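What follows is protein_36.cif (mmCIF, C-alpha atoms).
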data_protein
loop_
_atom_site.group_PDB
_atom_site.id
_atom_site.type_symbol
_atom_site.label_atom_id
_atom_site.label_comp_id
_atom_site.auth_asym_id
_atom_site.auth_seq_id
_atom_site.Cartn_x
_atom_site.Cartn_y
_atom_site.Cartn_z
ATOM 1 C CA MET A 118 67.754 137.843 -15.130
ATOM 2 C CA PRO A 119 69.351 135.392 -17.590
ATOM 3 C CA ALA A 120 66.865 133.097 -19.293
ATOM 4 C CA GLY A 121 68.749 129.997 -18.179
ATOM 5 C CA LEU A 122 68.479 130.985 -14.526
ATOM 6 C CA VAL A 123 64.777 131.738 -14.900
ATOM 7 C CA ALA A 124 64.229 128.302 -16.435
ATOM 8 C CA LEU A 125 66.225 126.680 -13.630
ATOM 9 C CA LEU A 126 64.223 128.473 -10.949
ATOM 10 C CA ASP A 127 61.008 127.497 -12.715
ATOM 11 C CA ASP A 128 62.125 123.861 -12.746
ATOM 12 C CA VAL A 129 63.009 124.098 -9.044
ATOM 13 C CA SER A 130 59.587 125.542 -8.224
ATOM 14 C CA ILE A 131 57.879 122.742 -10.147
ATOM 15 C CA ILE A 132 59.934 120.129 -8.296
ATOM 16 C CA ALA A 133 59.195 121.833 -4.976
ATOM 17 C CA ARG A 134 55.455 121.850 -5.677
ATOM 18 C CA ALA A 135 55.584 118.194 -6.695
ATOM 19 C CA ALA A 136 57.501 117.348 -3.524
ATOM 20 C CA ALA A 137 55.014 119.287 -1.396
ATOM 21 C CA ALA A 138 52.115 117.478 -3.058
ATOM 22 C CA SER A 139 53.859 114.158 -2.492
ATOM 23 C CA ILE A 140 54.412 114.980 1.185
ATOM 24 C CA ASP A 141 50.762 115.971 1.492
ATOM 25 C CA ASP A 142 49.692 112.695 -0.158
ATOM 26 C CA ILE A 143 51.925 110.772 2.232
ATOM 27 C CA GLY A 144 50.418 112.601 5.225
ATOM 28 C CA VAL A 145 46.827 111.903 4.145
ATOM 29 C CA ALA A 146 47.537 108.261 3.296
ATOM 30 C CA ALA A 147 49.457 107.766 6.541
ATOM 31 C CA GLY A 148 46.522 109.159 8.532
ATOM 32 C CA LYS A 149 44.070 106.786 6.853
ATOM 33 C CA ALA A 150 46.373 103.792 7.202
ATOM 34 C CA GLY A 151 47.186 104.634 10.813
ATOM 35 C CA THR A 152 43.540 104.411 11.881
ATOM 36 C CA LYS A 153 43.411 100.829 10.601
ATOM 37 C CA THR A 154 46.170 99.777 13.003
ATOM 38 C CA ALA A 155 44.318 100.945 16.125
ATOM 39 C CA GLY A 156 43.720 97.495 17.569
ATOM 40 C CA VAL A 157 47.356 96.451 17.318
ATOM 41 C CA VAL A 158 48.590 99.784 18.695
ATOM 42 C CA ILE A 159 46.261 99.745 21.716
ATOM 43 C CA ASP A 160 47.174 96.168 22.560
ATOM 44 C CA ASP A 161 50.871 96.976 22.195
ATOM 45 C CA ALA A 162 50.493 99.912 24.598
ATOM 46 C CA ALA A 163 48.546 97.732 27.037
ATOM 47 C CA VAL A 164 51.019 94.830 27.005
ATOM 48 C CA THR A 165 54.361 96.671 26.972
ATOM 49 C CA PRO A 166 54.303 97.961 30.604
ATOM 50 C CA SER A 167 54.541 94.337 31.766
ATOM 51 C CA TYR A 168 58.079 94.171 30.370
ATOM 52 C CA VAL A 169 59.402 96.523 33.050
ATOM 53 C CA THR A 170 57.677 94.651 35.882
ATOM 54 C CA GLY A 171 60.142 93.563 38.558
ATOM 55 C CA PHE A 172 62.788 96.203 37.854
ATOM 56 C CA LYS A 173 63.932 99.124 39.959
ATOM 57 C CA PRO A 174 62.313 102.448 38.938
ATOM 58 C CA ALA A 175 65.702 103.748 37.751
ATOM 59 C CA ARG A 176 65.870 100.970 35.114
ATOM 60 C CA GLU A 177 62.349 101.393 33.714
ATOM 61 C CA LEU A 178 62.981 104.235 31.247
ATOM 62 C CA PRO A 179 66.344 102.822 30.002
ATOM 63 C CA ILE A 180 64.617 99.500 29.317
ATOM 64 C CA ILE A 181 61.774 101.196 27.454
ATOM 65 C CA TRP A 182 64.339 103.130 25.412
ATOM 66 C CA GLN A 183 66.114 99.875 24.480
ATOM 67 C CA ILE A 184 62.793 98.380 23.364
ATOM 68 C CA THR A 185 61.968 101.562 21.426
ATOM 69 C CA LYS A 186 65.251 101.384 19.506
ATOM 70 C CA GLY A 187 64.624 97.711 18.772
ATOM 71 C CA SER A 188 61.124 98.543 17.551
ATOM 72 C CA LEU A 189 62.411 101.223 15.176
ATOM 73 C CA LYS A 190 64.989 98.786 13.795
ATOM 74 C CA ASN A 191 62.222 96.193 13.331
ATOM 75 C CA LYS A 192 60.063 98.597 11.366
ATOM 76 C CA LEU A 193 62.594 100.634 9.382
ATOM 77 C CA LEU A 194 65.437 98.181 8.735
ATOM 78 C CA ILE A 195 63.583 94.863 8.442
ATOM 79 C CA LEU A 196 59.874 95.269 7.801
ATOM 80 C CA LEU A 197 59.815 98.403 5.636
ATOM 81 C CA PRO A 198 62.287 97.082 3.005
ATOM 82 C CA GLY A 199 60.587 93.682 3.128
ATOM 83 C CA ALA A 200 57.135 95.219 2.641
ATOM 84 C CA LEU A 201 58.321 97.342 -0.286
ATOM 85 C CA LEU A 202 59.978 94.376 -1.984
ATOM 86 C CA LEU A 203 56.838 92.330 -1.451
ATOM 87 C CA SER A 204 54.596 95.062 -2.893
ATOM 88 C CA PHE A 205 56.899 95.347 -5.915
ATOM 89 C CA PHE A 206 57.538 91.681 -6.734
ATOM 90 C CA LEU A 207 54.607 89.777 -5.183
ATOM 91 C CA PRO A 208 51.705 92.114 -4.322
ATOM 92 C CA SER A 209 49.213 89.239 -4.438
ATOM 93 C CA ALA A 210 50.806 87.829 -1.267
ATOM 94 C CA ILE A 211 49.775 90.839 0.832
ATOM 95 C CA ILE A 212 46.219 89.594 1.325
ATOM 96 C CA PHE A 213 47.469 86.233 2.675
ATOM 97 C CA ILE A 214 49.864 87.977 5.062
ATOM 98 C CA LEU A 215 46.944 90.084 6.254
ATOM 99 C CA LEU A 216 44.813 86.989 6.771
ATOM 100 C CA ALA A 217 47.619 85.370 8.759
ATOM 101 C CA GLY A 218 47.927 88.533 10.845
ATOM 102 C CA GLY A 219 44.161 88.685 11.361
ATOM 103 C CA ALA A 220 44.182 85.081 12.533
ATOM 104 C CA TYR A 221 47.056 85.856 14.917
ATOM 105 C CA LEU A 222 45.268 88.882 16.380
ATOM 106 C CA SER A 223 42.069 86.849 16.750
ATOM 107 C CA TYR A 224 43.981 84.070 18.519
ATOM 108 C CA GLU A 225 45.712 86.489 20.902
ATOM 109 C CA GLY A 226 42.444 88.251 21.743
ATOM 110 C CA ALA A 227 40.468 85.027 22.137
ATOM 111 C CA GLU A 228 43.144 83.487 24.360
ATOM 112 C CA LYS A 229 42.926 86.485 26.697
ATOM 113 C CA VAL A 230 39.137 86.123 26.841
ATOM 114 C CA MET A 231 39.458 82.401 27.598
ATOM 115 C CA GLU A 232 41.971 83.097 30.372
ATOM 116 C CA LYS A 233 39.653 85.721 31.907
ATOM 117 C CA LEU A 234 36.844 83.151 31.855
ATOM 118 C CA GLY A 235 38.964 80.706 33.840
ATOM 119 C CA GLY A 236 40.904 78.913 31.132
ATOM 120 C CA ALA A 237 44.517 77.869 31.614
ATOM 121 C CA LYS A 238 47.183 80.499 31.072
ATOM 122 C CA HIS A 239 49.931 79.814 28.556
ATOM 123 C CA GLY A 240 53.444 81.031 27.996
ATOM 124 C CA LYS A 241 56.320 81.884 30.301
ATOM 125 C CA THR A 242 55.639 83.630 33.571
ATOM 126 C CA LEU A 243 56.885 87.137 34.248
ATOM 127 C CA GLU A 244 57.010 86.468 37.977
ATOM 128 C CA ASP A 245 59.962 84.081 38.250
ATOM 129 C CA PRO A 246 62.625 85.021 40.855
ATOM 130 C CA ILE A 247 65.319 87.306 39.423
ATOM 131 C CA GLU A 248 68.717 85.703 40.075
ATOM 132 C CA ASP A 249 70.843 87.683 37.576
ATOM 133 C CA PRO A 250 69.362 91.178 37.043
ATOM 134 C CA VAL A 251 71.576 91.980 34.009
ATOM 135 C CA ALA A 252 70.801 88.716 32.206
ATOM 136 C CA PHE A 253 67.141 89.014 33.184
ATOM 137 C CA GLU A 254 66.970 92.530 31.719
ATOM 138 C CA LYS A 255 68.584 91.442 28.458
ATOM 139 C CA LYS A 256 66.207 88.499 28.185
ATOM 140 C CA ARG A 257 63.163 90.669 28.914
ATOM 141 C CA VAL A 258 64.220 93.302 26.345
ATOM 142 C CA ALA A 259 64.892 90.631 23.716
ATOM 143 C CA GLY A 260 61.468 89.109 24.366
ATOM 144 C CA ALA A 261 59.776 92.493 24.073
ATOM 145 C CA ILE A 262 61.524 93.207 20.765
ATOM 146 C CA ARG A 263 60.481 89.803 19.389
ATOM 147 C CA THR A 264 56.866 90.479 20.358
ATOM 148 C CA ASP A 265 57.142 93.942 18.828
ATOM 149 C CA LEU A 266 58.367 92.391 15.561
ATOM 150 C CA ILE A 267 55.171 90.345 15.273
ATOM 151 C CA LEU A 268 52.892 93.279 16.094
ATOM 152 C CA SER A 269 54.915 95.627 13.881
ATOM 153 C CA ALA A 270 54.666 93.194 10.967
ATOM 154 C CA GLU A 271 50.898 93.309 11.260
ATOM 155 C CA ILE A 272 50.920 97.123 11.474
ATOM 156 C CA MET A 273 53.075 97.365 8.355
ATOM 157 C CA ALA A 274 50.971 94.799 6.471
ATOM 158 C CA ILE A 275 47.754 96.680 7.278
ATOM 159 C CA THR A 276 49.388 99.948 6.244
ATOM 160 C CA LEU A 277 50.775 98.473 3.021
ATOM 161 C CA ASN A 278 47.370 97.123 2.081
ATOM 162 C CA GLU A 279 45.860 100.592 2.499
ATOM 163 C CA VAL A 280 48.403 102.209 0.155
ATOM 164 C CA ALA A 281 48.931 99.347 -2.305
ATOM 165 C CA ALA A 282 47.630 101.477 -5.195
ATOM 166 C CA GLU A 283 49.988 104.394 -4.490
ATOM 167 C CA ASP A 284 53.325 104.937 -6.202
ATOM 168 C CA PHE A 285 56.532 103.477 -4.755
ATOM 169 C CA VAL A 286 57.713 106.714 -3.094
ATOM 170 C CA THR A 287 54.346 107.282 -1.405
ATOM 171 C CA ARG A 288 54.239 103.686 -0.167
ATOM 172 C CA ALA A 289 57.726 104.022 1.281
ATOM 173 C CA GLY A 290 56.905 107.372 2.865
ATOM 174 C CA VAL A 291 53.656 106.167 4.425
ATOM 175 C CA LEU A 292 55.251 103.014 5.831
ATOM 176 C CA ALA A 293 58.066 105.067 7.357
ATOM 177 C CA VAL A 294 55.711 107.716 8.795
ATOM 178 C CA VAL A 295 53.304 105.170 10.279
ATOM 179 C CA GLY A 296 56.168 103.049 11.630
ATOM 180 C CA VAL A 297 57.865 105.954 13.403
ATOM 181 C CA ALA A 298 54.595 107.535 14.592
ATOM 182 C CA VAL A 299 53.274 104.289 16.066
ATOM 183 C CA THR A 300 56.578 103.588 17.814
ATOM 184 C CA VAL A 301 56.790 107.072 19.321
ATOM 185 C CA PHE A 302 53.147 106.951 20.411
ATOM 186 C CA VAL A 303 53.262 103.477 21.953
ATOM 187 C CA TYR A 304 56.549 103.731 23.811
ATOM 188 C CA GLY A 305 56.054 107.385 24.733
ATOM 189 C CA ALA A 306 52.703 106.426 26.275
ATOM 190 C CA VAL A 307 54.287 103.438 28.022
ATOM 191 C CA ALA A 308 57.058 105.634 29.460
ATOM 192 C CA LEU A 309 54.418 107.959 30.909
ATOM 193 C CA LEU A 310 52.306 105.096 32.233
ATOM 194 C CA VAL A 311 55.097 103.354 34.106
ATOM 195 C CA LYS A 312 56.087 106.616 35.798
ATOM 196 C CA VAL A 313 52.614 107.688 36.915
ATOM 197 C CA ASP A 314 52.781 105.594 40.074
ATOM 198 C CA ASP A 315 56.215 107.078 40.881
ATOM 199 C CA LEU A 316 54.701 110.545 40.479
ATOM 200 C CA GLY A 317 51.798 109.554 42.705
ATOM 201 C CA LEU A 318 54.140 108.258 45.398
ATOM 202 C CA HIS A 319 56.213 111.449 45.160
ATOM 203 C CA LEU A 320 53.112 113.614 45.557
ATOM 204 C CA THR A 321 51.943 111.702 48.638
ATOM 205 C CA GLU A 322 55.129 112.854 50.379
ATOM 206 C CA LYS A 323 54.451 116.539 49.720
ATOM 207 C CA PRO A 324 53.288 118.763 52.599
ATOM 208 C CA SER A 325 50.266 119.979 50.616
ATOM 209 C CA GLU A 326 47.074 118.082 51.375
ATOM 210 C CA ALA A 327 45.855 118.647 47.794
ATOM 211 C CA ALA A 328 49.057 117.167 46.369
ATOM 212 C CA GLN A 329 48.770 114.182 48.699
ATOM 213 C CA ARG A 330 45.161 113.568 47.653
ATOM 214 C CA PHE A 331 46.094 113.745 43.964
ATOM 215 C CA GLY A 332 49.027 111.403 44.570
ATOM 216 C CA ARG A 333 46.773 108.864 46.276
ATOM 217 C CA PHE A 334 44.299 109.211 43.404
ATOM 218 C CA LEU A 335 47.049 108.429 40.873
ATOM 219 C CA LEU A 336 48.183 105.380 42.837
ATOM 220 C CA LYS A 337 44.620 104.047 42.978
ATOM 221 C CA ALA A 338 43.846 104.942 39.362
ATOM 222 C CA MET A 339 46.841 103.234 37.742
ATOM 223 C CA PRO A 340 45.696 99.601 38.212
ATOM 224 C CA VAL A 341 42.245 100.569 36.912
ATOM 225 C CA LEU A 342 43.772 102.367 33.913
ATOM 226 C CA LEU A 343 46.027 99.454 33.021
ATOM 227 C CA ALA A 344 43.137 97.004 33.388
ATOM 228 C CA GLY A 345 41.009 99.243 31.161
ATOM 229 C CA LEU A 346 43.761 99.429 28.553
ATOM 230 C CA SER A 347 44.073 95.659 28.618
ATOM 231 C CA LEU A 348 40.307 95.255 28.084
ATOM 232 C CA ILE A 349 40.232 97.806 25.270
ATOM 233 C CA GLY A 350 43.264 96.169 23.695
ATOM 234 C CA THR A 351 41.616 92.739 23.768
ATOM 235 C CA VAL A 352 38.383 94.034 22.217
ATOM 236 C CA ALA A 353 40.335 95.981 19.605
ATOM 237 C CA MET A 354 42.395 92.921 18.671
ATOM 238 C CA LEU A 355 39.240 90.866 18.131
ATOM 239 C CA TRP A 356 37.551 93.665 16.191
ATOM 240 C CA VAL A 357 40.561 94.366 13.957
ATOM 241 C CA GLY A 358 41.458 90.684 13.559
ATOM 242 C CA GLY A 359 37.902 89.709 12.670
ATOM 243 C CA GLY A 360 37.556 92.678 10.333
ATOM 244 C CA ILE A 361 40.732 91.661 8.488
ATOM 245 C CA ILE A 362 39.378 88.120 8.122
ATOM 246 C CA LEU A 363 36.045 89.367 6.736
ATOM 247 C CA HIS A 364 37.766 91.712 4.301
ATOM 248 C CA GLY A 365 40.301 89.089 3.222
ATOM 249 C CA MET A 366 37.663 86.427 2.612
ATOM 250 C CA HIS A 367 35.651 88.909 0.548
ATOM 251 C CA GLU A 368 38.746 89.733 -1.534
ATOM 252 C CA LEU A 369 39.260 86.009 -2.174
ATOM 253 C CA GLY A 370 35.664 85.591 -3.385
ATOM 254 C CA LEU A 371 34.218 84.123 -0.168
ATOM 255 C CA HIS A 372 31.426 86.613 0.433
ATOM 256 C CA SER A 373 29.022 84.916 2.858
ATOM 257 C CA LEU A 374 30.407 86.173 6.182
ATOM 258 C CA SER A 375 31.311 89.654 4.953
ATOM 259 C CA ASP A 376 27.897 90.048 3.277
ATOM 260 C CA TRP A 377 26.204 88.943 6.517
ATOM 261 C CA ALA A 378 28.072 91.564 8.534
ATOM 262 C CA HIS A 379 27.538 94.255 5.896
ATOM 263 C CA ASP A 380 23.799 93.479 5.604
ATOM 264 C CA ALA A 381 23.436 93.756 9.386
ATOM 265 C CA GLU A 382 25.244 97.099 9.304
ATOM 266 C CA VAL A 383 22.916 98.401 6.569
ATOM 267 C CA ALA A 384 19.827 97.160 8.425
ATOM 268 C CA VAL A 385 20.870 98.933 11.634
ATOM 269 C CA GLU A 386 21.630 102.133 9.717
ATOM 270 C CA ALA A 387 18.204 102.036 8.086
ATOM 271 C CA ALA A 388 16.486 101.670 11.463
ATOM 272 C CA THR A 389 18.376 104.211 13.584
ATOM 273 C CA GLY A 390 17.974 107.582 11.895
ATOM 274 C CA SER A 391 20.443 110.226 13.035
ATOM 275 C CA LEU A 392 22.569 107.629 14.851
ATOM 276 C CA ALA A 393 22.832 105.460 11.740
ATOM 277 C CA GLY A 394 26.522 106.098 11.109
ATOM 278 C CA ILE A 395 27.690 105.360 14.642
ATOM 279 C CA LEU A 396 25.405 102.390 15.292
ATOM 280 C CA GLY A 397 25.988 100.917 11.850
ATOM 281 C CA TRP A 398 29.749 101.065 12.382
ATOM 282 C CA ALA A 399 29.367 99.622 15.906
ATOM 283 C CA THR A 400 27.304 96.742 14.518
ATOM 284 C CA TYR A 401 29.911 95.829 11.923
ATOM 285 C CA ALA A 402 32.682 96.173 14.510
ATOM 286 C CA ALA A 403 30.818 93.949 16.983
ATOM 287 C CA LEU A 404 30.184 91.274 14.358
ATOM 288 C CA SER A 405 33.828 91.478 13.286
ATOM 289 C CA ALA A 406 34.820 90.940 16.926
ATOM 290 C CA LEU A 407 32.532 87.894 17.151
ATOM 291 C CA VAL A 408 34.116 86.434 14.025
ATOM 292 C CA GLY A 409 37.554 87.115 15.523
ATOM 293 C CA LEU A 410 36.567 85.533 18.830
ATOM 294 C CA ALA A 411 35.165 82.393 17.173
ATOM 295 C CA LEU A 412 38.193 81.945 14.928
ATOM 296 C CA GLY A 413 40.615 82.715 17.751
ATOM 297 C CA MET A 414 39.001 80.184 20.073
ATOM 298 C CA ILE A 415 39.222 77.502 17.397
ATOM 299 C CA ILE A 416 42.922 78.250 16.853
ATOM 300 C CA ALA A 417 43.594 78.280 20.610
ATOM 301 C CA LEU A 418 41.813 74.964 21.142
ATOM 302 C CA VAL A 419 43.708 73.336 18.276
ATOM 303 C CA LEU A 420 47.051 74.637 19.527
ATOM 304 C CA HIS A 421 46.586 73.842 23.213
ATOM 305 C CA LYS A 422 44.269 70.829 23.220
ATOM 306 C CA VAL A 423 45.233 69.024 20.020
ATOM 307 C CA LEU A 424 48.857 70.043 19.362
ATOM 308 C CA LYS A 425 49.655 70.623 23.067
ATOM 309 C CA VAL A 426 51.570 73.829 22.305
ATOM 310 C CA GLY A 427 52.450 76.094 25.262
ATOM 311 C CA ASN A 428 50.547 74.191 27.918
ATOM 312 C CA GLU A 429 52.853 75.133 30.810
ATOM 313 C CA GLU A 430 51.242 77.390 33.396
ATOM 314 C CA GLY A 431 52.236 81.039 33.402
ATOM 315 C CA ALA A 432 51.223 84.527 32.533
ATOM 316 C CA HIS A 433 51.901 86.451 29.389
#
Using structure tokens, write down the structure that the file contains.
Amino acid sequence: MPAGLVALLDDVSIIARAAAASIDDIGVAAGKAGTKTAGVVIDDAAVTPSYVTGFKPARELPIIWQITKGSLKNKLLILLPGALLLSFFLPSAIIFILLAGGAYLSYEGAEKVMEKLGGAKHGKTLEDPIEDPVAFEKKRVAGAIRTDLILSAEIMAITLNEVAAEDFVTRAGVLAVVGVAVTVFVYGAVALLVKVDDLGLHLTEKPSEAAQRFGRFLLKAMPVLLAGLSLIGTVAMLWVGGGIILHGMHELGLHSLSDWAHDAEVAVEAATGSLAGILGWATYAALSALVGLALGMIIALVLHKVLKVGNEEGAH
């Protein structure tokens, strides 16, 4: 074989190995970064089904698909380039964006807790009479995509912070992988959730007694499942939001709160033997959630009691 061809093939093999290693690095980094976005993802999955409330079953999946496309555009065409430019030209701003996102998550979670405890609800209602179904659908989809933009920005900021030390290609790859994976997971799960009750109703009409029982079980289980998702989403928002605040304050040299939470975690680990890892993590998560709840309640009170923002009655 000519020497030139051998050299070319050798160069190709080196490039291929480098590409494979880069892909592997992206996969590992994406997995680590993805776990950090759990609170936002769970809340997104819990909230999104409300956007198809009030529509005929035949319109539910098309609406979810429209929101999914809008979410991908948010992440890949707006947020990903913006995050990369930010990491290249002004990386020091990432921590402040994270703190703002942590405060937002804490506020959202705390407001839900306050509403559950009997506080006033804020924002526009989703139960207004539908006079123009086409206009109503467009408005609902646009609102969902705007909400997704906020949540997606936080997901991308968390992800970017986790891979800030990686090279440009890895950062871009991880942001793209996490963005697509989160979108597919959230809206795929939502599509399944909103169709479970239709499946249950369909099964109740079958001649088989077993199918009818399972159908009735699905119909009864769906409200419980959605309520459980909402609760988990609220807790996760407070935990993630508070954790971001603790981490951000520590990075800025304000160590008191983060040291308090870390010391409590270490103390629990030292006292719990074989369960040290789980209980230590749970302790830090719980304290992070308390920090998120306290901060979120302060923000909510300032917005609604002092600034009088969003004081009309309604449900999210």
**Item:** Shell around A:Gln329 at 9 Å using only C-alpha atoms, local window under 5 positions removed, as a list in words
**Value:**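 Returned residues: Gly317, Leu318, His319, Leu320, Thr321, Glu322, Lys323, Pro324 and Phe334 of chain A.
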**Request:** Step by step, work through what the PyMOL selection byres ((chain A and resi 228) around 12) selects in the shown file, and finish by giving those residues as a PyMOL selection string.
**Result:** chain A and resi 220-227+229-240+351-352+354-355+409-421+427+432-433
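You will find atom CA of A:Val295 at 17.9 Å from atom CA of A:Val307.
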**Request:** Would you mind reading off the distance between atom CA of A:Lys255 and atom CA of A:Leu316, one decimal, in Å?
**Result:** 26.5 Å
**Matched chain/residue IDs from the PyMOL selection byres ((chain A and resi 403) around 12), as a list in words** =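 Selected by the PyMOL selection byres ((chain A and resi 403) around 12) in this file: Val352, Ala353, Met354, Leu355, Trp356, Val357, Gly358, Gly359, Gly360, Ala378, His379, Ala381, Glu382, Leu396, Gly397, Trp398, Ala399, Thr400, Tyr401, Ala402, Leu404, Ser405, Ala406, Leu407, Val408, Gly409 and Leu410 of chain A.
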**atom CA of A:Leu193 to atom CA of A:Val297, distance in Å rounded to a single decimal** =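 Taking atom CA of A:Leu193 as the start and atom CA of A:Val297 as the end point, the length is 8.2 Å.
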Hey, what comes out of the PyMOL selection byres ((chain A and resi 300) around 9) on this file? Could you write it as an mmCIF file with C-alpha atoms, in the frame of the given file?
data_model
loop_
_atom_site.group_PDB
_atom_site.id
_atom_site.type_symbol
_atom_site.label_atom_id
_atom_site.label_comp_id
_atom_site.auth_asym_id
_atom_site.auth_seq_id
_atom_site.Cartn_x
_atom_site.Cartn_y
_atom_site.Cartn_z
ATOM 1 C CA VAL A 158 48.590 99.784 18.695
ATOM 2 C CA THR A 185 61.968 101.562 21.426
ATOM 3 C CA SER A 188 61.124 98.543 17.551
ATOM 4 C CA LEU A 189 62.411 101.223 15.176
ATOM 5 C CA LYS A 192 60.063 98.597 11.366
ATOM 6 C CA VAL A 295 53.304 105.170 10.279
ATOM 7 C CA GLY A 296 56.168 103.049 11.630
ATOM 8 C CA VAL A 297 57.865 105.954 13.403
ATOM 9 C CA ALA A 298 54.595 107.535 14.592
ATOM 10 C CA VAL A 299 53.274 104.289 16.066
ATOM 11 C CA VAL A 301 56.790 107.072 19.321
ATOM 12 C CA PHE A 302 53.147 106.951 20.411
ATOM 13 C CA VAL A 303 53.262 103.477 21.953
ATOM 14 C CA TYR A 304 56.549 103.731 23.811
ATOM 15 C CA GLY A 305 56.054 107.385 24.733
#
**Message:** Residues near stretch 266-268 of chain A, anyone? I mean within 6 Å using only C-alpha atoms, not counting same-chain ones fewer than 3 positions away, as an MDAnalysis selection string.
**Reply:** chainID A and resid 191 263 271
**Request:** Select, from A:Ser209, A:Ser373, A:Ser269, A:Ser391, the residue with the minimum atom-to-atom distance to A:Ala281, counting only C-alpha atoms.
**Result:**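 Of the candidates, the smallest distance to A:Ala281 is held by A:Ser209.
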**Prompt:** Using all atoms listed in the file, which residue out of A:Leu277, A:Ala175, A:Leu424, A:Ala344 lies closest to A:Pro208?
**Reply:**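 Ranked by minimum distance to A:Pro208, first place goes to A:Leu277.
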Would you compute, for all listed atoms of stretch 384-391 of chain A, the axis-aligned bounding box grown by 3 Å on each side, and then report its centre and edge lengths in Å rounded to one decimal, as JSON?
{"center_x": 19.1, "center_y": 103.7, "center_z": 10.8, "size_x": 11.1, "size_y": 19.1, "size_z": 11.5}
Residues near A:Lys190, cut-off 10 Å, all atoms listed in the file, skip fewer than 6 positions along chain, as an mmCIF file with C-alpha atoms, keeping the file's coordinate frame:
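Once written, selection_11.cif looks like this:
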data_model
loop_
_atom_site.group_PDB
_atom_site.id
_atom_site.type_symbol
_atom_site.label_atom_id
_atom_site.label_comp_id
_atom_site.auth_asym_id
_atom_site.auth_seq_id
_atom_site.Cartn_x
_atom_site.Cartn_y
_atom_site.Cartn_z
ATOM 1 C CA ILE A 184 62.793 98.380 23.364
ATOM 2 C CA LEU A 196 59.874 95.269 7.801
ATOM 3 C CA LEU A 197 59.815 98.403 5.636
ATOM 4 C CA ILE A 262 61.524 93.207 20.765
ATOM 5 C CA LEU A 266 58.367 92.391 15.561
#
**Message:** Given only C-alpha atoms as the basis, pick out the residue of A:Gly345, A:Pro198, A:Pro174, A:Gly350 nearest to A:Ala293.
**Reply:** A:Pro198
Excluding A:Leu336 and any residue of its chain fewer than 2 positions from it, enumerate the residues within 8 Å of it, using only C-alpha atoms, and give them as a compact mmCIF listing (two decimals) with C-alpha atoms, keeping the file's coordinate frame.
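Output file part_37.txt follows:
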# COMPACT_ATOMS: atom_id res chain seq x y z
CA VAL A 313 52.61 107.69 36.92
CA ASP A 314 52.78 105.59 40.07
CA GLY A 317 51.80 109.55 42.70
CA LEU A 318 54.14 108.26 45.40
CA GLY A 332 49.03 111.40 44.57
CA ARG A 333 46.77 108.86 46.28
CA PHE A 334 44.30 109.21 43.40
CA ALA A 338 43.85 104.94 39.36
CA MET A 339 46.84 103.23 37.74
CA PRO A 340 45.70 99.60 38.21
